[in-house]
Every structure is written in structure tokens, then in C-alpha cells.
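The next block is my_file23.cif, given as mmCIF, C-alpha atoms and all ligand atoms.
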data_data
#
loop_
_atom_site.label_atom_id
_atom_site.label_comp_id
_atom_site.auth_asym_id
_atom_site.auth_seq_id
_atom_site.Cartn_x
_atom_site.Cartn_y
_atom_site.Cartn_z
CA MET D 1 0.00 0.00 0.00
CA ILE D 2 1.07 3.57 -0.45
CA PHE D 3 1.76 5.35 2.80
CA PHE D 4 0.85 8.91 3.57
CA ARG D 5 1.80 10.28 6.95
CA LYS D 6 -1.46 11.72 8.26
CA LYS D 7 -2.94 11.51 11.72
CA ALA D 8 -4.45 8.06 12.10
CA SER D 9 -7.62 7.42 14.09
CA TRP D 10 -5.75 5.18 16.51
CA GLU D 11 -3.79 8.25 17.47
CA ILE D 12 -6.97 9.86 18.73
CA PRO D 13 -7.31 9.21 22.48
CA GLU D 14 -9.91 6.55 23.34
CA SER D 15 -11.97 9.21 25.17
CA GLU D 16 -12.56 11.00 21.89
CA VAL D 17 -13.69 7.92 20.03
CA THR D 18 -17.42 7.69 20.50
CA ASP D 19 -19.58 4.62 20.23
CA TYR D 20 -22.44 4.38 17.74
CA LYS D 21 -25.24 5.63 20.06
CA VAL D 22 -23.24 8.63 21.21
CA TYR D 23 -22.32 9.27 17.61
CA GLN D 24 -25.97 9.19 16.55
CA ASN D 25 -26.94 11.53 19.34
CA ARG D 26 -24.15 13.87 18.40
CA ARG D 27 -25.29 13.73 14.82
CA GLN D 28 -28.77 14.73 15.95
CA PHE D 29 -27.25 17.47 18.08
CA LEU D 30 -25.21 18.66 15.13
CA ASN D 31 -28.28 18.75 12.93
CA ASN D 32 -30.24 20.68 15.54
CA SER D 33 -27.41 23.09 16.20
CA LEU D 34 -26.86 23.70 12.53
CA ALA D 35 -30.54 24.51 12.23
CA ILE D 36 -30.28 27.20 14.88
CA GLY D 37 -27.03 28.59 13.60
CA LEU D 38 -24.56 27.29 16.18
CA ALA D 39 -22.28 25.62 13.65
CA ALA D 40 -19.37 27.98 14.24
CA ALA D 41 -19.26 27.10 17.93
CA LEU D 42 -18.83 23.38 17.27
CA PRO D 43 -15.55 21.50 17.33
CA SER D 44 -14.15 20.54 13.94
CA THR D 45 -15.02 16.86 14.35
CA SER D 46 -18.25 17.16 12.36
CA TYR D 47 -17.39 14.37 9.96
CA ALA D 48 -19.00 14.47 6.54
CA ILE D 49 -20.91 11.23 7.10
CA SER D 50 -24.23 11.00 5.37
CA ASN D 51 -25.61 8.39 7.72
CA ASP D 52 -29.11 9.82 7.40
CA GLN D 53 -29.36 8.70 3.80
CA VAL D 54 -28.97 4.99 4.55
CA GLU D 55 -31.59 2.54 5.77
CA SER D 56 -31.57 0.41 8.91
CA LEU D 57 -31.30 -3.32 8.39
CA THR D 58 -33.53 -5.12 10.85
CA ASN D 59 -34.41 -8.70 11.87
CA LEU D 60 -30.85 -9.85 11.55
CA GLU D 61 -29.81 -13.35 12.48
CA LYS D 62 -26.77 -13.38 14.76
CA SER D 63 -24.12 -15.61 13.27
CA SER D 64 -22.29 -18.17 15.38
CA PHE D 65 -19.11 -17.18 13.53
CA SER D 66 -19.13 -13.83 15.33
CA SER D 67 -16.29 -12.67 17.54
CA ASP D 68 -17.16 -11.44 21.04
CA GLU D 69 -14.26 -8.97 21.10
CA LYS D 70 -14.88 -5.28 21.67
CA GLN D 71 -16.22 -3.75 18.49
CA THR D 72 -14.41 -0.87 16.85
CA PRO D 73 -16.54 2.30 17.10
CA PHE D 74 -18.67 3.14 14.08
CA GLU D 75 -16.93 6.46 13.72
CA SER D 76 -13.49 4.84 13.35
CA ILE D 77 -14.76 2.21 10.89
CA THR D 78 -16.25 4.91 8.69
CA THR D 79 -13.56 7.59 8.82
CA TYR D 80 -10.35 5.53 8.57
CA ASN D 81 -10.68 3.83 5.20
CA ASN D 82 -8.82 2.62 2.17
CA PHE D 83 -10.85 3.29 -0.97
CA TYR D 84 -8.44 4.69 -3.53
CA GLU D 85 -11.25 5.55 -5.94
CA PHE D 86 -11.86 8.45 -3.54
CA GLY D 87 -8.25 9.35 -2.80
CA THR D 88 -5.31 7.69 -1.11
CA SER D 89 -5.49 9.20 2.38
CA LYS D 90 -7.41 7.45 5.15
CA GLU D 91 -9.91 10.30 5.49
CA SER D 92 -10.54 10.92 1.78
CA PRO D 93 -13.26 8.24 1.39
CA SER D 94 -15.34 9.63 4.27
CA LEU D 95 -14.99 13.13 2.86
CA TYR D 96 -15.60 12.39 -0.81
CA ALA D 97 -17.82 9.29 -0.90
CA THR D 98 -20.73 10.88 0.96
CA GLU D 99 -22.92 11.04 -2.14
CA PHE D 100 -21.75 7.69 -3.47
CA PRO D 101 -23.32 5.79 -5.05
CA ASP D 102 -25.71 8.14 -6.79
CA ARG D 103 -28.96 6.66 -5.52
CA THR D 104 -30.90 8.07 -8.46
CA LYS D 105 -29.05 5.62 -10.70
CA PRO D 106 -29.70 1.88 -10.68
CA TRP D 107 -26.89 -0.34 -9.35
CA ASN D 108 -26.53 -3.43 -11.51
CA ILE D 109 -24.40 -6.47 -10.85
CA THR D 110 -23.36 -8.80 -13.64
CA ILE D 111 -22.74 -12.46 -12.86
CA ASP D 112 -21.09 -14.24 -15.76
CA GLY D 113 -18.28 -16.47 -16.97
CA GLU D 114 -18.23 -20.22 -16.28
CA CYS D 115 -21.73 -20.65 -14.85
CA ASP D 116 -25.13 -21.91 -15.96
CA LYS D 117 -27.17 -18.95 -14.69
CA PRO D 118 -25.41 -15.78 -15.86
CA GLY D 119 -27.26 -12.48 -15.84
CA THR D 120 -27.31 -8.81 -14.95
CA TYR D 121 -29.39 -7.98 -11.91
CA ASP D 122 -30.61 -4.92 -10.10
CA TYR D 123 -28.79 -4.91 -6.75
CA HIS D 124 -31.99 -4.90 -4.65
CA GLU D 125 -33.50 -7.74 -6.67
CA LEU D 126 -30.30 -9.72 -6.44
CA ILE D 127 -30.02 -9.63 -2.66
CA LYS D 128 -33.75 -10.11 -1.92
CA PRO D 129 -33.72 -13.92 -1.62
CA PHE D 130 -30.83 -13.99 0.86
CA ALA D 131 -31.29 -13.84 4.64
CA LEU D 132 -29.07 -11.12 6.10
CA GLU D 133 -27.02 -11.90 9.19
CA GLU D 134 -24.82 -9.96 11.56
CA ARG D 135 -21.22 -11.21 11.54
CA ILE D 136 -18.78 -9.61 13.91
CA TYR D 137 -15.38 -10.22 12.34
CA ARG D 138 -11.80 -9.36 13.21
CA MET D 139 -10.32 -7.53 10.21
CA ARG D 140 -6.56 -7.16 9.63
CA CYS D 141 -5.08 -4.70 7.15
CA VAL D 142 -1.74 -5.48 5.49
CA GLU D 143 -0.53 -2.08 6.74
CA GLY D 144 -0.56 -3.41 10.33
CA TRP D 145 -3.82 -2.19 11.88
CA SER D 146 -6.93 -4.15 12.75
CA MET D 147 -10.56 -3.59 13.69
CA VAL D 148 -13.55 -5.62 14.90
CA ILE D 149 -16.49 -4.90 12.62
CA PRO D 150 -20.15 -5.94 12.97
CA TRP D 151 -20.88 -6.59 9.31
CA VAL D 152 -24.30 -7.26 7.88
CA GLY D 153 -24.44 -9.56 4.89
CA PHE D 154 -24.96 -13.06 3.56
CA PRO D 155 -22.58 -15.87 2.62
CA LEU D 156 -21.11 -15.48 -0.86
CA ALA D 157 -21.73 -19.25 -1.18
CA ASP D 158 -25.50 -18.60 -1.29
CA LEU D 159 -25.11 -16.43 -4.38
CA ILE D 160 -22.63 -18.81 -6.00
CA LYS D 161 -25.04 -21.73 -5.61
CA GLN D 162 -27.72 -19.70 -7.36
CA ALA D 163 -25.37 -18.89 -10.28
CA GLN D 164 -24.49 -22.59 -10.71
CA PRO D 165 -20.82 -22.48 -11.69
CA ASN D 166 -19.68 -25.25 -14.04
CA SER D 167 -16.66 -27.53 -13.67
CA LYS D 168 -14.34 -24.99 -15.35
CA ALA D 169 -15.00 -22.42 -12.63
CA LYS D 170 -11.81 -22.60 -10.56
CA TYR D 171 -11.72 -18.96 -9.42
CA VAL D 172 -14.09 -16.07 -8.83
CA GLU D 173 -13.15 -12.60 -10.04
CA PHE D 174 -14.74 -9.45 -8.61
CA THR D 175 -14.74 -5.98 -10.19
CA THR D 176 -15.52 -2.54 -8.75
CA LEU D 177 -17.51 0.11 -10.62
CA LEU D 178 -15.51 2.11 -13.18
CA ASP D 179 -16.92 5.64 -13.18
CA PRO D 180 -14.41 8.48 -12.81
CA GLU D 181 -17.25 10.97 -12.54
CA GLN D 182 -18.54 9.39 -9.34
CA MET D 183 -15.09 8.20 -8.25
CA PRO D 184 -12.66 11.06 -8.80
CA GLY D 185 -9.65 8.99 -7.68
CA GLN D 186 -9.98 6.99 -10.91
CA ASN D 187 -8.71 10.05 -12.79
CA ARG D 188 -5.30 9.34 -11.24
CA ARG D 189 -3.35 6.26 -12.26
CA VAL D 190 -2.66 5.06 -8.72
CA LEU D 191 -3.96 1.63 -9.71
CA ASP D 192 -4.97 0.14 -13.03
CA TRP D 193 -8.74 0.78 -12.72
CA PRO D 194 -11.17 -0.77 -12.18
CA TYR D 195 -10.14 -2.44 -8.91
CA VAL D 196 -10.20 -6.22 -9.37
CA GLU D 197 -9.89 -8.98 -6.77
CA GLY D 198 -10.23 -12.73 -6.79
CA LEU D 199 -10.65 -15.87 -4.71
CA ARG D 200 -10.18 -19.54 -5.41
CA ILE D 201 -13.64 -21.12 -5.74
CA ASP D 202 -13.28 -23.11 -2.51
CA GLU D 203 -12.26 -19.95 -0.64
CA ALA D 204 -15.28 -18.19 -2.13
CA MET D 205 -17.55 -21.06 -1.00
CA ASN D 206 -16.17 -21.09 2.56
CA PRO D 207 -18.96 -20.23 5.00
CA LEU D 208 -16.89 -17.35 6.46
CA THR D 209 -16.77 -15.48 3.14
CA LEU D 210 -19.36 -12.76 3.19
CA LEU D 211 -20.96 -10.35 0.78
CA SER D 212 -21.59 -7.38 3.03
CA VAL D 213 -24.33 -4.81 2.51
CA GLY D 214 -24.12 -3.07 5.87
CA LEU D 215 -22.45 -2.60 9.24
CA TYR D 216 -23.70 -1.71 12.73
CA GLY D 217 -27.23 -2.58 11.52
CA LYS D 218 -27.25 0.06 8.78
CA GLU D 219 -26.66 -0.08 5.02
CA LEU D 220 -23.06 0.56 4.02
CA LEU D 221 -21.95 4.16 3.58
CA GLY D 222 -20.08 5.06 0.40
CA GLN D 223 -16.68 4.92 2.07
CA SER D 224 -17.28 1.34 3.29
CA GLY D 225 -18.05 0.05 -0.20
CA ALA D 226 -21.75 0.70 -0.77
CA PRO D 227 -23.92 -0.93 -1.85
CA ILE D 228 -22.13 -4.30 -1.65
CA ARG D 229 -18.58 -5.43 -0.89
CA LEU D 230 -16.62 -8.57 -0.14
CA VAL D 231 -15.44 -9.51 3.38
CA VAL D 232 -12.87 -12.29 3.82
CA PRO D 233 -11.81 -12.18 7.47
CA TRP D 234 -8.77 -14.49 7.29
CA LYS D 235 -7.15 -12.44 4.51
CA TYR D 236 -5.61 -8.97 4.47
CA GLY D 237 -8.17 -6.19 4.06
CA PHE D 238 -7.34 -5.41 0.45
CA LYS D 239 -9.02 -8.66 -0.67
CA GLY D 240 -12.28 -7.05 0.51
CA ILE D 241 -13.18 -5.36 -2.75
CA LYS D 242 -15.75 -2.58 -2.47
CA SER D 243 -18.72 -1.44 -4.58
CA ILE D 244 -18.90 -4.59 -6.71
CA VAL D 245 -20.51 -4.53 -10.18
CA ARG D 246 -19.31 -7.83 -11.57
CA ILE D 247 -18.76 -11.36 -10.29
CA ARG D 248 -17.22 -13.65 -12.88
CA PHE D 249 -16.38 -17.37 -12.71
CA VAL D 250 -13.08 -18.10 -14.44
CA GLU D 251 -10.73 -20.99 -15.11
CA LYS D 252 -7.45 -19.12 -14.55
CA MET D 253 -6.29 -17.21 -11.49
CA PRO D 254 -7.49 -13.60 -11.92
CA MET D 255 -4.93 -10.81 -12.10
CA THR D 256 -5.83 -8.54 -9.20
CA ALA D 257 -5.33 -4.77 -9.06
CA TRP D 258 -2.66 -5.13 -6.36
CA MET D 259 -0.79 -7.90 -8.20
CA LYS D 260 -0.69 -5.63 -11.26
CA ALA D 261 0.61 -2.79 -9.10
CA ASN D 262 3.30 -4.87 -7.36
CA ALA D 263 3.22 -8.66 -7.62
CA GLY D 264 6.31 -8.99 -5.42
CA GLU D 265 4.54 -7.36 -2.49
CA TYR D 266 0.90 -8.42 -2.91
CA GLY D 267 0.23 -12.04 -3.72
CA PHE D 268 -3.01 -13.66 -4.80
CA TYR D 269 -3.71 -15.47 -1.52
CA SER D 270 -2.88 -12.69 0.94
CA ASN D 271 -3.75 -14.83 3.93
CA VAL D 272 -3.02 -13.18 7.25
CA ASN D 273 0.21 -14.86 8.31
CA PRO D 274 2.41 -13.53 11.13
CA ASN D 275 5.28 -15.77 9.90
CA VAL D 276 5.50 -14.31 6.40
CA ASP D 277 6.57 -10.68 6.39
CA HIS D 278 5.66 -8.15 3.77
CA PRO D 279 8.92 -7.37 1.90
CA ARG D 280 9.07 -3.95 3.58
CA TRP D 281 7.75 -4.66 7.09
CA SER D 282 6.95 -7.36 9.65
CA GLN D 283 3.47 -8.85 9.91
CA ALA D 284 4.03 -10.35 13.37
CA LYS D 285 2.05 -7.71 15.25
CA GLU D 286 -0.84 -5.38 14.70
CA ARG D 287 -2.37 -2.31 16.26
CA ARG D 288 -6.06 -2.66 17.03
CA ILE D 289 -7.61 0.71 16.22
CA GLY D 290 -8.31 2.50 19.51
CA GLU D 291 -5.62 0.60 21.44
CA PHE D 292 -2.14 1.81 22.23
CA LEU D 293 -0.09 -1.37 22.61
CA LYS D 294 0.37 -3.73 19.71
CA ARG D 295 -0.93 -7.29 19.91
CA LYS D 296 0.32 -10.45 18.22
CA THR D 297 -1.19 -11.23 14.85
CA LEU D 298 -2.81 -14.68 14.70
CA MET D 299 -2.40 -17.20 11.89
CA PHE D 300 -5.27 -16.75 9.42
CA ASN D 301 -6.31 -13.84 11.63
CA GLY D 302 -7.55 -16.35 14.23
CA TYR D 303 -9.77 -18.27 11.79
CA SER D 304 -7.50 -21.34 11.38
CA GLU D 305 -10.18 -23.75 12.54
CA GLN D 306 -12.44 -22.71 9.66
CA VAL D 307 -9.88 -22.23 6.87
CA ALA D 308 -6.55 -24.00 7.48
CA ASP D 309 -7.76 -27.04 5.51
CA LEU D 310 -8.03 -24.92 2.36
CA TYR D 311 -4.24 -24.62 2.30
CA ALA D 312 -3.18 -28.07 3.48
CA GLY D 313 0.19 -28.97 1.94
CA MET D 314 0.76 -25.54 0.41
CA ASP D 315 3.96 -23.59 0.96
CA LEU D 316 2.50 -20.37 2.34
CA LYS D 317 5.78 -18.48 1.88
CA ARG D 318 5.57 -19.15 -1.83
CA TYR D 319 1.83 -18.73 -2.13
CA PHE D 320 1.63 -15.54 -0.06
N1 LIG M 401 -11.88 -1.80 -2.86
C1 LIG M 401 -11.78 -0.87 -3.82
N2 LIG M 401 -12.63 -0.89 -4.83
N3 LIG M 401 -10.82 0.10 -3.77
C2 LIG M 401 -9.90 0.15 -2.76
O1 LIG M 401 -9.03 1.04 -2.77
N4 LIG M 401 -9.08 -0.86 -0.70
C3 LIG M 401 -8.89 -2.17 -0.05
C4 LIG M 401 -10.22 -2.85 0.28
N5 LIG M 401 -11.15 -2.74 -0.83
C5 LIG M 401 -9.98 -0.82 -1.74
C6 LIG M 401 -11.02 -1.79 -1.82
C7 LIG M 401 -8.08 -2.06 1.14
S1 LIG M 401 -6.43 -1.73 0.90
C8 LIG M 401 -8.58 -2.27 2.39
S2 LIG M 401 -7.56 -2.35 3.76
C9 LIG M 401 -10.02 -2.38 2.62
O2 LIG M 401 -10.79 -2.23 1.42
C10 LIG M 401 -10.45 -1.33 3.59
O3 LIG M 401 -11.80 -1.45 3.93
P1 LIG M 401 -12.43 -0.43 4.98
O4 LIG M 401 -12.12 0.94 4.49
O5 LIG M 401 -13.89 -0.73 4.95
O6 LIG M 401 -11.78 -0.71 6.29
#
Turn this file's structure into C-alpha cells for me.
Amino acid sequence: MIFFRKKASWEIPESEVTDYKVYQNRRQFLNNSLAIGLAAALPSTSYAISNDQVESLTNLEKSSFSSDEKQTPFESITTYNNFYEFGTSKESPSLYATEFPDRTKPWNITIDGECDKPGTYDYHELIKPFALEERIYRMRCVEGWSMVIPWVGFPLADLIKQAQPNSKAKYVEFTTLLDPEQMPGQNRRVLDWPYVEGLRIDEAMNPLTLLSVGLYGKELLGQSGAPIRLVVPWKYGFKGIKSIVRIRFVEKMPMTAWMKANAGEYGFYSNVNPNVDHPRWSQAKERRIGEFLKRKTLMFNGYSEQVADLYAGMDLKRYF
């Protein structure tokens, strides 16, 4: 990843990081104060989050895969992001993705390639048949920070079963929207747009692999990858491609955006592995956002029981 030295949210004292309820109340307070002209008297922490424009997601099943660790505050999850389509700094996505996606335009998702039921679907129609669950997952970024996020979504396996991949489907390739008008970062050649990611078909079918449409019981905000993004908790965060418009079944390993940018640093598998360092830094420890001391990174981000079998016999130094 490209590094820019800006103040990170884990550098904000814990006392300043609010939880979701407090945040909502403050939002209400901000709205009220703005209405009566007190804006100038407020501290400069009035984040440009358009939380009011998203819907609540109710009647969620609680998944048994959930972690019971302390959840990262909503405010940190939605203001400390990587979404290069909106700029390369951590705060850019929360500042510039507030109107994304343009909700006056339909959001279509194409499912194609090696499957028996290809098609292009309206996002809302596509997700309708699937029961949404809450999954609280540990997430580990390759840059060395981690969060605990209460995602809302459904297993990618459910959608794959519906698409009926054929025997040639060895991998699944995912593509983000290409639209430099809505995503100004695509006017800069930071990556070879559109952002592309991929999984081996058995990784994609693993029950932990989620298509997420929300977090903290609300639809995703633009910066988190609205309307739908991938979540693969045992892999580094960059596998979690945002704002997906295409899911394609393929025979050959897809070339991902990060492999194109630097194949020596970002491999296809990108499993969290404290024993295999990134060429430029160690992966042994991580800083949980909101905590001061680093903690040890766990193999497969602590999900070995569910996923270690997928890599039995593989040299994980070679297939990093
Ligand atoms: N998806 C797209 N389309 N563009 C991106 O720049 N960044 C990735 C991943 N998905 C990215 C993306 C990286 S590097 C990380 S760490 C995670 O999104 C960050 O997700 P978060 O901002 O929700 O924490």
C-alpha cells in the first residue's frame, strides 16, 4: 500500500472515540445546532458522514461465527478507510464518498463467466432472496492495523449456488464500478482501474466469506463500499473489494489490481500470516484501532479452525 503520513484514528485518544449511540446523538445534536445557527461554535469533528441517507437493516440473524471482542466504534470504521477511488489518504473516502453511489441511478451487478445462470441484476432484486445476518469479524489490514467490525451480509456461497458455476469455474473474479465521474480517484493512475480482486472457488464457498451490505445494523456508507462489498476475514483487508458490479467465474487465477501494481509485495492469496513478512515490514504484530499497545497477529487472523484445511500442503511463503 502507499503510505501517507497523516494523523491516524488510533492516534486519537480513546476518550474521543465515540460509540455508535453517542455518535448518533451527536449527529442529531449537530443537525439541531446547525438549524439554529450554532455551527461555528462546534468542534471541527463534524465528519462528513451522510448516515441519514442509509436505511436500517432489521431482523438480523446473529451468526455463530461472530467474535465477542470489543467492536471498533462506528466512527473509526467509517472515517479511517482505504478506498483509492476516492483518494489515497485514510480520510478521503469519508470526505468524498458521501454522495456515493448516486442513488438516483440503478446499481446493476453482472454475474457471468463459467456458470449456468449468468445475468445482470438490479442490486436490490439480487439480494432479496438472501437472509441477512450480523457477523462480527476481526479484520486485519496489510498495513498493520486491525478492527472488529459488525458486518451485515450473507454468505457469498448462497449467491454462488444460485449462479451454478460449471466444472471450469476454478476462481471467482470481482470488479468494482468504473466511473471516474462518481469516483474522482480513478482520474489518477494510482492503480490500473477498475479495482479487481479474486478468490479460489473453494475460498469463495467457505462459510466465512461474506458479501456485506451493511455494518452496525445500517446499510453501508459510500466509504465502506456501498452498496455491496466482499469480506474475507482471514485475509488482508485489500481482498475485501468494495462497490462490486461484476462477479465472474473463471478458469485461470485472476490478475488482481494489487498484483498488477506490485506482484512482489501483494500475492493472490494474501492470507493473514504472522510468519510471512511483507517485503518492507513485519506482519508479526498489529495495532487494534483504539488501542495503544500492539498485539500479536494470529495465523489466518484467528480463523485457522475454519480455513486452514483450504491450504493443506501448500507452501504459504511461496503462495503468499
Ligand atoms: N476496494 C476498492 N474498490 N478500492 C480500494 O481502494 N481498498 C482495499 C479494500 N477494498 C480498496 C477496496 C483495502 S487496501 C482495504 S484495507 C479495505 O478495502 C479497507 O476497507 P475499509 O475501508 O472498509 O476498512
Could you pull out the residues sitting within 9 Å of ligand LIG 401 (chain M), using all atoms listed in the file, and write them as a PDB file with C-alpha atoms, in the frame of the given file?
ATOM      1  CA  MET D   1       0.000   0.000   0.000  1.00  0.00           C
ATOM      2  CA  ILE D  77     -14.760   2.210  10.890  1.00  0.00           C
ATOM      3  CA  THR D  78     -16.250   4.910   8.690  1.00  0.00           C
ATOM      4  CA  THR D  79     -13.560   7.590   8.820  1.00  0.00           C
ATOM      5  CA  TYR D  80     -10.350   5.530   8.570  1.00  0.00           C
ATOM      6  CA  ASN D  81     -10.680   3.830   5.200  1.00  0.00           C
ATOM      7  CA  ASN D  82      -8.820   2.620   2.170  1.00  0.00           C
ATOM      8  CA  PHE D  83     -10.850   3.290  -0.970  1.00  0.00           C
ATOM      9  CA  TYR D  84      -8.440   4.690  -3.530  1.00  0.00           C
ATOM     10  CA  GLU D  85     -11.250   5.550  -5.940  1.00  0.00           C
ATOM     11  CA  PHE D  86     -11.860   8.450  -3.540  1.00  0.00           C
ATOM     12  CA  GLY D  87      -8.250   9.350  -2.800  1.00  0.00           C
ATOM     13  CA  THR D  88      -5.310   7.690  -1.110  1.00  0.00           C
ATOM     14  CA  LYS D  90      -7.410   7.450   5.150  1.00  0.00           C
ATOM     15  CA  PRO D  93     -13.260   8.240   1.390  1.00  0.00           C
ATOM     16  CA  MET D 139     -10.320  -7.530  10.210  1.00  0.00           C
ATOM     17  CA  ARG D 140      -6.560  -7.160   9.630  1.00  0.00           C
ATOM     18  CA  CYS D 141      -5.080  -4.700   7.150  1.00  0.00           C
ATOM     19  CA  VAL D 142      -1.740  -5.480   5.490  1.00  0.00           C
ATOM     20  CA  GLU D 143      -0.530  -2.080   6.740  1.00  0.00           C
ATOM     21  CA  TRP D 145      -3.820  -2.190  11.880  1.00  0.00           C
ATOM     22  CA  SER D 146      -6.930  -4.150  12.750  1.00  0.00           C
ATOM     23  CA  MET D 147     -10.560  -3.590  13.690  1.00  0.00           C
ATOM     24  CA  ILE D 149     -16.490  -4.900  12.620  1.00  0.00           C
ATOM     25  CA  THR D 175     -14.740  -5.980 -10.190  1.00  0.00           C
ATOM     26  CA  THR D 176     -15.520  -2.540  -8.750  1.00  0.00           C
ATOM     27  CA  LEU D 177     -17.510   0.110 -10.620  1.00  0.00           C
ATOM     28  CA  LEU D 191      -3.960   1.630  -9.710  1.00  0.00           C
ATOM     29  CA  TRP D 193      -8.740   0.780 -12.720  1.00  0.00           C
ATOM     30  CA  PRO D 194     -11.170  -0.770 -12.180  1.00  0.00           C
ATOM     31  CA  TYR D 195     -10.140  -2.440  -8.910  1.00  0.00           C
ATOM     32  CA  VAL D 196     -10.200  -6.220  -9.370  1.00  0.00           C
ATOM     33  CA  GLU D 197      -9.890  -8.980  -6.770  1.00  0.00           C
ATOM     34  CA  GLN D 223     -16.680   4.920   2.070  1.00  0.00           C
ATOM     35  CA  SER D 224     -17.280   1.340   3.290  1.00  0.00           C
ATOM     36  CA  GLY D 225     -18.050   0.050  -0.200  1.00  0.00           C
ATOM     37  CA  ARG D 229     -18.580  -5.430  -0.890  1.00  0.00           C
ATOM     38  CA  LEU D 230     -16.620  -8.570  -0.140  1.00  0.00           C
ATOM     39  CA  VAL D 231     -15.440  -9.510   3.380  1.00  0.00           C
ATOM     40  CA  TYR D 236      -5.610  -8.970   4.470  1.00  0.00           C
ATOM     41  CA  GLY D 237      -8.170  -6.190   4.060  1.00  0.00           C
ATOM     42  CA  PHE D 238      -7.340  -5.410   0.450  1.00  0.00           C
ATOM     43  CA  LYS D 239      -9.020  -8.660  -0.670  1.00  0.00           C
ATOM     44  CA  GLY D 240     -12.280  -7.050   0.510  1.00  0.00           C
ATOM     45  CA  ILE D 241     -13.180  -5.360  -2.750  1.00  0.00           C
ATOM     46  CA  LYS D 242     -15.750  -2.580  -2.470  1.00  0.00           C
ATOM     47  CA  SER D 243     -18.720  -1.440  -4.580  1.00  0.00           C
ATOM     48  CA  ILE D 244     -18.900  -4.590  -6.710  1.00  0.00           C
ATOM     49  CA  TRP D 258      -2.660  -5.130  -6.360  1.00  0.00           C
TER      50      TRP D 258
END
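Counting all atoms listed in the file, the residue from D:Ala312, D:Ile228, D:Pro155, D:Gly144 that sits nearest to D:His278 is D:Gly144.
Separating atom CA of D:Val276 from atom CA of D:Asp315 is a distance of 10.9 Å.
For stretch 299-310 of chain D, the non-local neighbours within 7 Å, defined as residues at least 6 positions apart in the same chain or in other chains and counting all atoms listed in the file, are Arg140, Trp234, Lys235, Asn271, Val272, Asn273 and Pro274 of chain D.
In this structure, atom CA of D:Pro150 sits 25.0 Å away from atom CA of D:Glu173.
Across the structure, atom CA of D:Ala131 and atom CA of D:Thr72 are spaced 24.5 Å apart.
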Closest of D:Leu221, D:Asp112, D:Arg138, D:Glu61 to D:Thr297 - atom-to-atom distances counting all atoms listed in the file: D:Arg138
